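Pasted below: final_37.pdb, PDB, C-alpha atoms and all ligand atoms.
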```pdb
ATOM      1  CA  MET O 361     -15.534 -72.972  -7.603
ATOM      2  CA  SER O 362     -17.692 -70.430  -5.818
ATOM      3  CA  LEU O 363     -16.430 -66.974  -5.006
ATOM      4  CA  GLY O 364     -15.905 -66.254  -1.326
ATOM      5  CA  LYS O 365     -17.337 -63.393   0.659
ATOM      6  CA  TYR O 366     -14.282 -61.261  -0.034
ATOM      7  CA  ALA O 367     -14.118 -61.836  -3.785
ATOM      8  CA  THR O 368     -15.102 -58.921  -5.970
ATOM      9  CA  GLY O 369     -16.035 -58.913  -9.640
ATOM     10  CA  SER O 370     -14.473 -61.439 -11.933
ATOM     11  CA  PRO O 371     -10.944 -62.105 -10.726
ATOM     12  CA  VAL O 372     -10.142 -64.239 -13.748
ATOM     13  CA  ARG O 373      -9.942 -61.527 -16.369
ATOM     14  CA  MET O 374      -9.616 -58.743 -13.822
ATOM     15  CA  GLY O 375     -11.401 -56.247 -16.056
ATOM     16  CA  TYR O 376      -9.246 -56.759 -19.153
ATOM     17  CA  GLU O 377     -10.590 -57.107 -22.685
ATOM     18  CA  TYR O 378      -8.690 -58.876 -25.433
ATOM     19  CA  VAL O 379      -7.633 -56.847 -28.493
ATOM     20  CA  PRO O 380      -6.972 -59.528 -31.132
ATOM     21  CA  GLU O 381      -5.224 -57.303 -33.695
ATOM     22  CA  VAL O 382      -2.407 -56.570 -31.273
ATOM     23  CA  ASP O 383      -2.654 -59.814 -29.259
ATOM     24  CA  ALA O 384      -2.850 -57.869 -26.007
ATOM     25  CA  TRP O 385      -5.310 -57.213 -23.189
ATOM     26  CA  LEU O 386      -6.603 -53.748 -22.445
ATOM     27  CA  ARG O 387      -8.323 -52.311 -19.385
ATOM     28  CA  LEU O 388      -9.831 -48.882 -18.773
ATOM     29  CA  HIS O 389      -9.653 -48.054 -15.083
ATOM     30  CA  ILE O 390     -12.519 -45.668 -14.455
ATOM     31  CA  GLU O 391     -11.508 -44.946 -10.835
ATOM     32  CA  PRO O 392      -9.358 -41.843 -11.306
ATOM     33  CA  ALA O 393      -5.725 -41.829 -10.198
ATOM     34  CA  ILE O 394      -2.819 -39.437 -10.605
ATOM     35  CA  TRP O 395      -0.445 -40.557 -13.360
ATOM     36  CA  PRO O 396       2.290 -41.949 -11.049
ATOM     37  CA  ASP O 397      -0.267 -44.076  -9.159
ATOM     38  CA  ALA O 398      -1.860 -45.187 -12.442
ATOM     39  CA  ARG O 399       1.571 -46.265 -13.681
ATOM     40  CA  LEU O 400       2.165 -48.223 -10.465
ATOM     41  CA  ARG O 401      -1.269 -49.832 -10.534
ATOM     42  CA  CYS O 402      -0.784 -51.093 -14.121
ATOM     43  CA  HIS O 403       2.656 -52.391 -13.115
ATOM     44  CA  LEU O 404       1.217 -54.190 -10.092
ATOM     45  CA  GLU O 405      -1.364 -55.813 -12.370
ATOM     46  CA  GLY O 406       1.526 -57.236 -14.369
ATOM     47  CA  GLY O 407       1.210 -54.765 -17.234
ATOM     48  CA  ALA O 408       1.896 -51.132 -18.097
ATOM     49  CA  LEU O 409       0.036 -47.931 -18.929
ATOM     50  CA  ALA O 410      -1.263 -48.499 -22.475
ATOM     51  CA  SER O 411      -0.488 -46.346 -25.499
ATOM     52  CA  PRO O 412      -2.161 -46.248 -28.932
ATOM     53  CA  THR O 413       0.695 -48.065 -30.635
ATOM     54  CA  THR O 414      -1.379 -49.118 -33.650
ATOM     55  CA  SER O 415      -4.688 -48.042 -35.129
ATOM     56  CA  ALA O 416      -6.275 -51.236 -33.734
ATOM     57  CA  MET O 417      -5.106 -50.311 -30.242
ATOM     58  CA  SER O 418      -6.274 -46.729 -30.708
ATOM     59  CA  ASN O 419      -9.712 -47.926 -31.889
ATOM     60  CA  ALA O 420     -10.007 -50.306 -28.929
ATOM     61  CA  MET O 421      -9.191 -47.471 -26.541
ATOM     62  CA  LEU O 422     -11.753 -45.152 -28.139
ATOM     63  CA  ALA O 423     -14.414 -47.877 -28.009
ATOM     64  CA  MET O 424     -13.758 -48.338 -24.293
ATOM     65  CA  LEU O 425     -13.936 -44.597 -23.648
ATOM     66  CA  ALA O 426     -17.257 -44.473 -25.515
ATOM     67  CA  ALA O 427     -18.671 -47.496 -23.665
ATOM     68  CA  ASN O 428     -17.962 -46.025 -20.218
ATOM     69  CA  LYS O 429     -20.034 -43.090 -19.136
ATOM     70  CA  LEU O 430     -17.200 -40.901 -17.948
ATOM     71  CA  THR O 431     -17.905 -37.308 -16.964
ATOM     72  CA  MET O 432     -14.833 -36.233 -18.851
ATOM     73  CA  ARG O 433     -14.085 -38.506 -21.770
ATOM     74  CA  HIS O 434     -10.348 -38.380 -21.142
ATOM     75  CA  ALA O 435      -8.023 -41.049 -19.836
ATOM     76  CA  TYR O 436      -4.295 -41.182 -19.165
ATOM     77  CA  ILE O 437      -2.255 -43.193 -21.611
ATOM     78  CA  GLY O 438       1.345 -44.340 -21.222
ATOM     79  CA  VAL O 439       2.745 -41.383 -23.158
ATOM     80  CA  HIS O 440       4.846 -39.044 -21.007
ATOM     81  CA  ALA O 441       7.810 -36.654 -21.100
ATOM     82  CA  LEU O 442       8.986 -37.367 -17.556
ATOM     83  CA  ILE O 443      12.404 -38.648 -18.552
ATOM     84  CA  SER O 444      13.332 -36.038 -21.130
ATOM     85  CA  LYS O 445      11.266 -32.854 -20.976
ATOM     86  CA  GLY O 446       9.286 -32.307 -24.175
ATOM     87  CA  ASP O 447      10.159 -35.728 -25.631
ATOM     88  CA  PHE O 448       6.853 -37.562 -25.424
ATOM     89  CA  MET O 449       7.147 -41.337 -25.664
ATOM     90  CA  SER O 450       5.227 -44.475 -24.714
ATOM     91  CA  MET O 451       6.139 -46.530 -21.629
ATOM     92  CA  ASP O 452       8.387 -48.706 -23.768
ATOM     93  CA  GLY O 453      10.062 -45.722 -25.412
ATOM     94  CA  ILE O 454       8.225 -45.363 -28.740
ATOM     95  CA  PRO O 455       8.285 -41.666 -29.710
ATOM     96  CA  MET O 456       4.948 -39.882 -30.042
ATOM     97  CA  ALA O 457       5.476 -39.431 -33.805
ATOM     98  CA  ASN O 458       5.472 -43.224 -34.283
ATOM     99  CA  LEU O 459       2.255 -43.816 -32.340
ATOM    100  CA  SER O 460      -1.201 -44.034 -33.858
ATOM    101  CA  VAL O 461      -2.464 -40.760 -32.368
ATOM    102  CA  ARG O 462      -2.309 -37.082 -33.242
ATOM    103  CA  TRP O 463      -2.102 -34.047 -30.981
ATOM    104  CA  ARG O 464      -5.236 -31.950 -30.626
ATOM    105  CA  GLU O 465      -4.859 -28.590 -32.331
ATOM    106  CA  GLY O 466      -2.892 -26.221 -30.079
ATOM    107  CA  GLU O 467      -1.364 -29.089 -28.104
ATOM    108  CA  PRO O 468       1.092 -29.870 -26.692
ATOM    109  CA  ASN O 469       1.242 -26.453 -25.064
ATOM    110  CA  ASN O 470       2.964 -27.365 -21.769
ATOM    111  CA  VAL O 471       0.947 -24.946 -19.648
ATOM    112  CA  LYS O 472       3.038 -23.621 -16.708
ATOM    113  CA  ASN O 473       5.804 -25.945 -17.849
ATOM    114  CA  GLU O 474       3.974 -28.710 -15.934
ATOM    115  CA  GLU O 475       2.378 -30.857 -18.649
ATOM    116  CA  ASP O 476       4.483 -33.991 -18.823
ATOM    117  CA  CYS O 477       1.644 -36.514 -19.079
ATOM    118  CA  VAL O 478      -0.871 -37.231 -21.825
ATOM    119  CA  VAL O 479      -4.553 -38.080 -22.077
ATOM    120  CA  LEU O 480      -6.463 -39.524 -24.993
ATOM    121  CA  ASP O 481      -9.788 -37.796 -25.618
ATOM    122  CA  GLY O 482     -13.013 -39.241 -27.002
ATOM    123  CA  VAL O 483     -12.164 -38.466 -30.635
ATOM    124  CA  GLY O 484      -8.701 -39.956 -30.522
ATOM    125  CA  GLU O 485      -6.644 -36.827 -29.996
ATOM    126  CA  ALA O 486      -3.818 -36.457 -27.493
ATOM    127  CA  ILE O 487      -3.506 -33.588 -25.012
ATOM    128  CA  ASP O 488      -0.548 -32.878 -22.754
ATOM    129  CA  VAL O 489      -1.712 -32.366 -19.182
ATOM    130  CA  GLY O 490      -0.324 -32.191 -15.660
ATOM    131  CA  CYS O 491       0.440 -35.574 -14.072
ATOM    132  CA  ASN O 492      -1.093 -34.821 -10.666
ATOM    133  CA  THR O 493      -4.794 -34.595 -11.514
ATOM    134  CA  PRO O 494      -6.650 -37.864 -10.853
ATOM    135  CA  ARG O 495      -8.105 -39.251 -14.099
ATOM    136  CA  PRO O 496      -9.186 -42.608 -15.534
ATOM    137  CA  TYR O 497      -6.368 -44.547 -17.248
ATOM    138  CA  PHE O 498      -5.599 -47.422 -19.571
ATOM    139  CA  CYS O 499      -3.493 -50.459 -18.659
ATOM    140  CA  HIS O 500      -2.462 -53.182 -21.062
ATOM    141  CA  LYS O 501      -0.995 -56.628 -20.584
ATOM    142  CA  LYS O 502       0.808 -58.752 -23.120
ATOM    143  CA  SER O 503      -1.021 -61.902 -24.089
ATOM    144  CA  GLU O 504       1.585 -64.281 -22.613
ATOM    145  CA  LYS O 505       1.097 -62.596 -19.232
ATOM    146  CA  MET O 506      -2.590 -63.482 -19.150
ATOM    147  CA  ILE O 507      -2.160 -67.113 -18.177
ATOM    148  CA  VAL O 508      -4.969 -67.812 -15.738
ATOM    149  CA  ASN O 509      -4.270 -69.670 -12.511
ATOM    150  CA  THR O 510      -7.675 -71.341 -12.619
ATOM    151  CA  HIS O 511      -7.405 -72.739  -9.112
ATOM    152  CA  CYS O 512      -6.811 -69.332  -7.562
ATOM    153  CA  GLY O 513      -8.781 -67.279 -10.107
ATOM    154  CA  THR O 514      -6.041 -64.779 -10.953
ATOM    155  CA  THR O 515      -3.600 -64.066 -13.754
ATOM    156  CA  ALA O 516      -0.937 -63.009 -11.247
ATOM    157  CA  GLU O 517       2.054 -65.285 -10.801
ATOM    158  CA  GLY O 518       2.973 -66.961  -7.545
ATOM    159  CA  TYR O 519      -0.374 -67.790  -5.890
ATOM    160  CA  LYS O 520      -0.589 -71.245  -4.319
ATOM    161  CA  PHE O 521      -3.653 -72.998  -2.965
ATOM    162  CA  GLU O 522      -3.464 -73.965   0.720
ATOM    163  CA  PRO O 523      -5.711 -76.911   1.629
ATOM    164  CA  ARG O 524      -5.555 -76.139   5.366
ATOM    165  CA  THR O 525      -7.560 -72.927   4.876
ATOM    166  CA  GLY O 526      -8.989 -73.186   1.362
ATOM    167  CA  SER O 527      -7.377 -69.863   0.351
ATOM    168  CA  CYS O 528      -4.565 -69.042  -2.061
ATOM    169  CA  TYR O 529      -1.526 -67.070  -0.863
ATOM    170  CA  LYS O 530       1.428 -65.232  -2.312
ATOM    171  CA  PHE O 531       4.433 -63.965  -0.428
ATOM    172  CA  HIS O 532       5.834 -60.717  -1.873
ATOM    173  CA  ARG O 533       9.584 -60.408  -1.362
ATOM    174  CA  VAL O 534       9.759 -56.852  -2.693
ATOM    175  CA  SER O 535       9.003 -54.770   0.411
ATOM    176  CA  ARG O 536       6.432 -51.988   0.238
ATOM    177  CA  THR O 537       4.641 -49.648   2.603
ATOM    178  CA  TRP O 538       1.445 -51.122   4.056
ATOM    179  CA  HIS O 539      -0.876 -49.163   1.742
ATOM    180  CA  ARG O 540       1.198 -49.957  -1.363
ATOM    181  CA  ALA O 541       1.179 -53.605  -0.300
ATOM    182  CA  ALA O 542      -2.624 -53.492  -0.042
ATOM    183  CA  MET O 543      -2.701 -51.965  -3.548
ATOM    184  CA  ALA O 544      -0.432 -54.708  -4.901
ATOM    185  CA  CYS O 545      -2.665 -57.484  -3.499
ATOM    186  CA  GLN O 546      -5.753 -55.741  -4.862
ATOM    187  CA  ALA O 547      -4.167 -55.419  -8.318
ATOM    188  CA  GLU O 548      -3.671 -59.189  -8.305
ATOM    189  CA  GLY O 549      -7.304 -59.882  -7.460
ATOM    190  CA  GLY O 550      -6.584 -60.558  -3.791
ATOM    191  CA  HIS O 551      -6.235 -58.717  -0.494
ATOM    192  CA  LEU O 552      -3.649 -58.456   2.268
ATOM    193  CA  ALA O 553      -3.892 -61.772   4.146
ATOM    194  CA  VAL O 554      -6.510 -61.793   6.901
ATOM    195  CA  ILE O 555      -5.875 -64.351   9.629
ATOM    196  CA  ASN O 556      -9.136 -66.126  10.492
ATOM    197  CA  SER O 557      -7.852 -68.944  12.734
ATOM    198  CA  ASN O 558      -4.826 -70.245  14.618
ATOM    199  CA  GLU O 559      -4.404 -72.656  11.741
ATOM    200  CA  GLU O 560      -4.191 -69.782   9.251
ATOM    201  CA  ALA O 561      -1.582 -68.060  11.464
ATOM    202  CA  GLN O 562       0.417 -71.287  11.237
ATOM    203  CA  VAL O 563      -0.019 -71.290   7.433
ATOM    204  CA  LEU O 564       1.355 -67.733   7.214
ATOM    205  CA  LYS O 565       4.203 -68.627   9.577
ATOM    206  CA  ASP O 566       5.100 -71.549   7.307
ATOM    207  CA  ILE O 567       4.982 -69.333   4.204
ATOM    208  CA  PHE O 568       7.152 -66.702   5.939
ATOM    209  CA  GLY O 569       9.583 -69.474   6.916
ATOM    210  CA  ARG O 570      10.027 -70.382   3.245
ATOM    211  CA  ASN O 571      11.197 -66.810   2.583
ATOM    212  CA  PRO O 572      14.306 -66.258   4.707
ATOM    213  CA  SER O 573      15.814 -62.791   5.269
ATOM    214  CA  THR O 574      18.378 -63.264   2.496
ATOM    215  CA  THR O 575      15.579 -63.496  -0.088
ATOM    216  CA  ILE O 576      13.855 -60.250   0.932
ATOM    217  CA  LYS O 577      14.541 -57.270  -1.310
ATOM    218  CA  ARG O 578      15.133 -54.110   0.804
ATOM    219  CA  GLY O 579      13.047 -53.333   3.879
ATOM    220  CA  ASP O 580      12.832 -55.105   7.232
ATOM    221  CA  SER O 581      12.601 -58.867   6.807
ATOM    222  CA  ARG O 582      11.522 -59.590  10.403
ATOM    223  CA  TRP O 583       7.926 -58.695   9.633
ATOM    224  CA  ALA O 584       5.422 -59.156   6.823
ATOM    225  CA  SER O 585       2.347 -56.964   6.387
ATOM    226  CA  VAL O 586      -1.090 -58.522   6.814
ATOM    227  CA  GLY O 587      -4.616 -57.162   6.488
ATOM    228  CA  ILE O 588      -5.172 -55.481   9.843
ATOM    229  CA  TRP O 589      -4.762 -51.817  10.698
ATOM    230  CA  ASP O 590      -5.816 -49.148  13.126
ATOM    231  CA  TRP O 591      -8.108 -47.423  10.616
ATOM    232  CA  ASN O 592      -6.893 -43.849  10.727
ATOM    233  CA  GLU O 593      -5.620 -44.111  14.270
ATOM    234  CA  TYR O 594      -8.779 -44.660  16.288
ATOM    235  CA  GLY O 595      -6.997 -46.904  18.747
ATOM    236  CA  GLU O 596      -8.331 -50.309  17.699
ATOM    237  CA  PHE O 597      -6.984 -52.759  15.152
ATOM    238  CA  LEU O 598      -9.583 -54.102  12.735
ATOM    239  CA  THR O 599      -9.249 -56.225   9.617
ATOM    240  CA  ILE O 600      -9.373 -54.610   6.201
ATOM    241  CA  PHE O 601     -12.951 -55.920   6.077
ATOM    242  CA  GLY O 602     -13.878 -54.018   9.228
ATOM    243  CA  GLU O 603     -14.050 -56.962  11.640
ATOM    244  CA  THR O 604     -12.512 -56.947  15.101
ATOM    245  CA  LEU O 605      -9.662 -59.424  15.427
ATOM    246  CA  SER O 606     -11.867 -61.557  17.652
ATOM    247  CA  GLU O 607     -14.614 -61.617  15.002
ATOM    248  CA  ALA O 608     -12.014 -62.467  12.349
ATOM    249  CA  GLY O 609     -10.781 -65.387  14.473
ATOM    250  CA  TYR O 610      -7.185 -64.597  15.485
ATOM    251  CA  GLU O 611      -5.850 -62.254  18.168
ATOM    252  CA  GLY O 612      -2.360 -63.653  18.621
ATOM    253  CA  TRP O 613      -0.378 -60.488  19.357
ATOM    254  CA  HIS O 614       3.261 -60.927  20.237
ATOM    255  CA  GLN O 615       3.977 -60.365  23.922
ATOM    256  CA  ASN O 616       3.687 -56.628  24.807
ATOM    257  CA  GLU O 617       2.135 -55.837  21.409
ATOM    258  CA  PRO O 618       0.435 -53.805  20.168
ATOM    259  CA  ASN O 619       2.661 -51.191  21.806
ATOM    260  CA  ASN O 620       2.185 -48.284  19.358
ATOM    261  CA  ALA O 621       5.906 -47.518  19.640
ATOM    262  CA  GLY O 622       6.637 -43.834  19.135
ATOM    263  CA  GLY O 623       2.892 -43.231  18.821
ATOM    264  CA  LYS O 624       2.952 -44.045  15.107
ATOM    265  CA  GLU O 625       2.280 -47.778  14.694
ATOM    266  CA  PHE O 626      -1.028 -47.992  12.894
ATOM    267  CA  CYS O 627      -0.491 -50.941  10.549
ATOM    268  CA  GLY O 628      -0.315 -54.672  11.153
ATOM    269  CA  THR O 629       2.321 -57.338  10.479
ATOM    270  CA  ILE O 630       3.114 -60.844  11.552
ATOM    271  CA  ASP O 631       6.579 -61.798  12.751
ATOM    272  CA  ARG O 632       8.396 -65.007  11.991
ATOM    273  CA  SER O 633       6.793 -66.736  14.976
ATOM    274  CA  GLY O 634       3.331 -66.047  13.516
ATOM    275  CA  SER O 635       2.472 -63.365  16.112
ATOM    276  CA  LEU O 636       0.969 -59.975  15.334
ATOM    277  CA  ASN O 637       2.850 -56.692  15.758
ATOM    278  CA  ASP O 638       1.792 -53.107  15.108
ATOM    279  CA  TYR O 639       4.345 -51.059  13.122
ATOM    280  CA  PRO O 640       4.587 -47.787  11.139
ATOM    281  CA  CYS O 641       2.558 -47.890   7.916
ATOM    282  CA  ASN O 642       5.344 -46.221   5.917
ATOM    283  CA  LEU O 643       7.985 -48.820   6.826
ATOM    284  CA  LEU O 644       9.083 -51.055   3.937
ATOM    285  CA  VAL O 645       8.416 -54.716   4.740
ATOM    286  CA  PRO O 646       7.484 -57.796   2.680
ATOM    287  CA  PHE O 647       3.833 -58.812   2.664
ATOM    288  CA  ILE O 648       1.425 -61.681   2.152
ATOM    289  CA  CYS O 649      -1.591 -61.538  -0.155
ATOM    290  CA  GLU O 650      -4.559 -63.892   0.072
ATOM    291  CA  ILE O 651      -7.255 -64.809  -2.410
ATOM    292  CA  THR O 652     -10.267 -66.016  -0.454
ATOM    293  CA  LEU O 653     -12.005 -68.615  -2.611
TER     294      LEU O 653
HETATM  295 CA    CA O 701      -1.876 -28.982 -22.785
HETATM  296 CA    CA O 702      -8.007 -65.619   5.645
HETATM  297 CA    CA O 703       4.754 -52.657  17.756
END
```

Turn this file's structure into structure tokens for me.
Amino acid sequence: MSLGKYATGSPVRMGYEYVPEVDAWLRLHIEPAIWPDARLRCHLEGGALASPTTSAMSNAMLAMLAANKLTMRHAYIGVHALISKGDFMSMDGIPMANLSVRWREGEPNNVKNEEDCVVLDGVGEAIDVGCNTPRPYFCHKKSEKMIVNTHCGTTAEGYKFEPRTGSCYKFHRVSRTWHRAAMACQAEGGHLAVINSNEEAQVLKDIFGRNPSTTIKRGDSRWASVGIWDWNEYGEFLTIFGETLSEAGYEGWHQNEPNNAGGKEFCGTIDRSGSLNDYPCNLLVPFICEITL
């Protein structure tokens, strides 16, 4: 199957490398993120921030740090003291003392009482650091979570191929803000659904119909986010790929929309009739991801 114009990289492995000794998959994200966003991103990929739980894991992490030409050879690991100050542990609660890593001399020193997160450096030593500086980070996924949906080219659960459009879709029932929704789709190797025809609007309407209000977790179940927005409030809705709605192939706004209610509706949703509506980007609503094949 060929990759479509929107596909990036290899969606199948999504950047993960297998570490046989621990039967897990490891990924070094070189795009820096603050620790809370790194944690979320790993979670959205179906994994967690990785920690050097064994010497094999530690060696794999060091090899990845060495192989990537990072300016600073540091990356966040899953070790933190955010729950109990000073008690550093991995994401799954293993205390620092039981991990395969040692503190650098003089660390942890908890500068300004703000160092609740941990980086691994290029020689395998841990340093406590603040959580709000963007840095590269490690995610890992357990082996059983790496089952590849070969039709859709992702390891994420829940994507189904739709013959009417030739794309795969997933409806997310856990509501998120528009930008978090975009991040979730991206983490799964997809993108917020972009409607390219009346037929595709009908497909999304059908998918929405299979997810009634009672199944939506929190948020407003009347709408679902899709991949259009008013890029930083310039007064025109474009797709996430920068096309006008007319170029993309669907301009079916609901009657009297977009109305920019309250002057703060800069993100795009569809309603249950398959029509578009502008709404506030920070509102929690379900969303639909698409993998364009
Ligand atoms: Ca420190
Ligand atoms: Ca599409
Ligand atoms: Ca509106």

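All protein, DNA and RNA residues at most 12 Å from (-11.9, -63.7, 14.1) are Val554, Ile555, Asn556, Ser557, Asn558, Glu559, Glu560, Ala561, Ile588, Leu598, Thr599, Phe601, Gly602, Glu603, Thr604, Leu605, Ser606, Glu607, Ala608, Gly609, Tyr610, Glu611 and Gly612 of chain O, using only C-alpha atoms.
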
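In this comparison, which uses only C-alpha atoms and all ligand atoms, the residue of O:Leu480, O:Ala621, O:Ile651, O:Cys627 approaching ligand CA 703 (chain O) most closely is O:Ala621.
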
Give me the residues of stretch 365-412 of chain O that have any atom at most 8 Å from an atom of stretch 481-491 of chain O; for each, the nearest atom pair and the distance in Å, rounded to one decimal. Use all atoms listed in the file, sort by chain and number, and format it as a tab-separated table.
```
residue	atom	partner	partner_atom	distance
O:Ile394	CA	O:Cys491	CA	6.1
O:Trp395	CA	O:Cys491	CA	5.1
O:Pro396	CA	O:Cys491	CA	7.3
```

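Proximity of O:Gly453, O:Gly446, O:Gly549, O:Gly466 to ligand CA 701 (chain O), computed with all atoms listed in the file, is greatest for O:Gly466.
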
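Our summary of the geometry notes that atom CA of O:Pro412 is positioned 17.4 Å from atom CA of O:Ala427.
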
**Request:** Please work out which residues fall within 12 Å of (-3.9, -59.0, -33.7), coordinates as given in the file, with all atoms listed in the file counting, and return them as a ChimeraX atom specification.
**Result:** /O:378-385,414-417,420,502-503

Would you tabulate, counting all atoms listed in the file, all residues of chain O that have an atom at most 12 Å from an atom of ligand CA 703 (chain O), showing the closest pair of atoms and their distance in Å to one decimal, sorted by chain then ascending number, as a tab-separated table?
```
residue	atom	partner	partner_atom	distance
O:Trp583	CA	O:CA703	CA	10.6
O:Trp589	CA	O:CA703	CA	11.9
O:Trp613	CA	O:CA703	CA	9.5
O:His614	CA	O:CA703	CA	8.8
O:Gln615	CA	O:CA703	CA	9.9
O:Asn616	CA	O:CA703	CA	8.2
O:Glu617	CA	O:CA703	CA	5.5
O:Pro618	CA	O:CA703	CA	5.1
O:Asn619	CA	O:CA703	CA	4.8
O:Asn620	CA	O:CA703	CA	5.3
O:Ala621	CA	O:CA703	CA	5.6
O:Gly622	CA	O:CA703	CA	9.1
O:Gly623	CA	O:CA703	CA	9.7
O:Lys624	CA	O:CA703	CA	9.2
O:Glu625	CA	O:CA703	CA	6.3
O:Phe626	CA	O:CA703	CA	8.9
O:Cys627	CA	O:CA703	CA	9.1
O:Gly628	CA	O:CA703	CA	8.6
O:Thr629	CA	O:CA703	CA	9.0
O:Ile630	CA	O:CA703	CA	10.4
O:Asp631	CA	O:CA703	CA	10.6
O:Ser635	CA	O:CA703	CA	11.1
O:Leu636	CA	O:CA703	CA	8.6
O:Asn637	CA	O:CA703	CA	4.9
O:Asp638	CA	O:CA703	CA	4.0
O:Tyr639	CA	O:CA703	CA	4.9
O:Pro640	CA	O:CA703	CA	8.2
O:Cys641	CA	O:CA703	CA	11.2
```

Box for stretch 404-407 of chain O: with edges along x, y and z, all listed atoms inside and 3 Å added on each side, what are the centre and edge lengths in Å to one decimal, as JSON?
```
{"center_x": 0.1, "center_y": -55.7, "center_z": -13.7, "size_x": 8.9, "size_y": 9.0, "size_z": 13.1}
```

**Request:** Could you expand the PyMOL selection byres (((chain O and resi 454) around 12) and not hetatm) into the explicit residues it covers here, written as a ChimeraX atom specification?
**Result:** /O:410-414,438-441,447-453,455-460

Quick one: write out the picked residues with C-alpha atoms as a PDB file, in the coordinates of the input?
```
ATOM      1  CA  ALA O 410      -1.263 -48.499 -22.475  1.00  0.00           C
ATOM      2  CA  SER O 411      -0.488 -46.346 -25.499  1.00  0.00           C
ATOM      3  CA  PRO O 412      -2.161 -46.248 -28.932  1.00  0.00           C
ATOM      4  CA  THR O 413       0.695 -48.065 -30.635  1.00  0.00           C
ATOM      5  CA  THR O 414      -1.379 -49.118 -33.650  1.00  0.00           C
ATOM      6  CA  GLY O 438       1.345 -44.340 -21.222  1.00  0.00           C
ATOM      7  CA  VAL O 439       2.745 -41.383 -23.158  1.00  0.00           C
ATOM      8  CA  HIS O 440       4.846 -39.044 -21.007  1.00  0.00           C
ATOM      9  CA  ALA O 441       7.810 -36.654 -21.100  1.00  0.00           C
ATOM     10  CA  ASP O 447      10.159 -35.728 -25.631  1.00  0.00           C
ATOM     11  CA  PHE O 448       6.853 -37.562 -25.424  1.00  0.00           C
ATOM     12  CA  MET O 449       7.147 -41.337 -25.664  1.00  0.00           C
ATOM     13  CA  SER O 450       5.227 -44.475 -24.714  1.00  0.00           C
ATOM     14  CA  MET O 451       6.139 -46.530 -21.629  1.00  0.00           C
ATOM     15  CA  ASP O 452       8.387 -48.706 -23.768  1.00  0.00           C
ATOM     16  CA  GLY O 453      10.062 -45.722 -25.412  1.00  0.00           C
ATOM     17  CA  PRO O 455       8.285 -41.666 -29.710  1.00  0.00           C
ATOM     18  CA  MET O 456       4.948 -39.882 -30.042  1.00  0.00           C
ATOM     19  CA  ALA O 457       5.476 -39.431 -33.805  1.00  0.00           C
ATOM     20  CA  ASN O 458       5.472 -43.224 -34.283  1.00  0.00           C
ATOM     21  CA  LEU O 459       2.255 -43.816 -32.340  1.00  0.00           C
ATOM     22  CA  SER O 460      -1.201 -44.034 -33.858  1.00  0.00           C
TER      23      SER O 460
END
```

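With atom CA of O:Glu593 on one side and atom CA of O:Ala393 on the other, the separation reads 24.6 Å.
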
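Note that the spacing between atom CA of O:Leu643 and atom CA of O:Gln546 amounts to 19.3 Å.
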
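Nearest-residue note for ligand CA 701 (chain O): choosing from O:Glu405, O:Glu475, O:Glu391, O:Glu377, the minimum distance belongs to O:Glu475, counting only C-alpha atoms and all ligand atoms.
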
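Residues in contact with O:Tyr497 at 6 Å, where only C-alpha atoms are counted and same-chain residues fewer than 4 positions away are skipped, are listed as Leu388, His389, Ala435 and Tyr436 of chain O.
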
Export of prior selection with C-alpha atoms as a compact mmCIF listing (two decimals), keeping the file's coordinate frame:
```txt
# COMPACT_ATOMS: atom_id res chain seq x y z
CA LEU O 388 -9.83 -48.88 -18.77
CA HIS O 389 -9.65 -48.05 -15.08
CA ALA O 435 -8.02 -41.05 -19.84
CA TYR O 436 -4.30 -41.18 -19.16
```

**Item:** Contacts of O:Lys501 at 8 Å (all atoms listed in the file; same-chain gap of 5+ positions) as an MDAnalysis selection string
**Value:** chainID O and resid 384:386 406:408 506

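Counting all atoms listed in the file, the residue from O:Pro523, O:Pro494, O:Gly513, O:Pro468 that sits nearest to ligand CA 701 (chain O) is O:Pro468.
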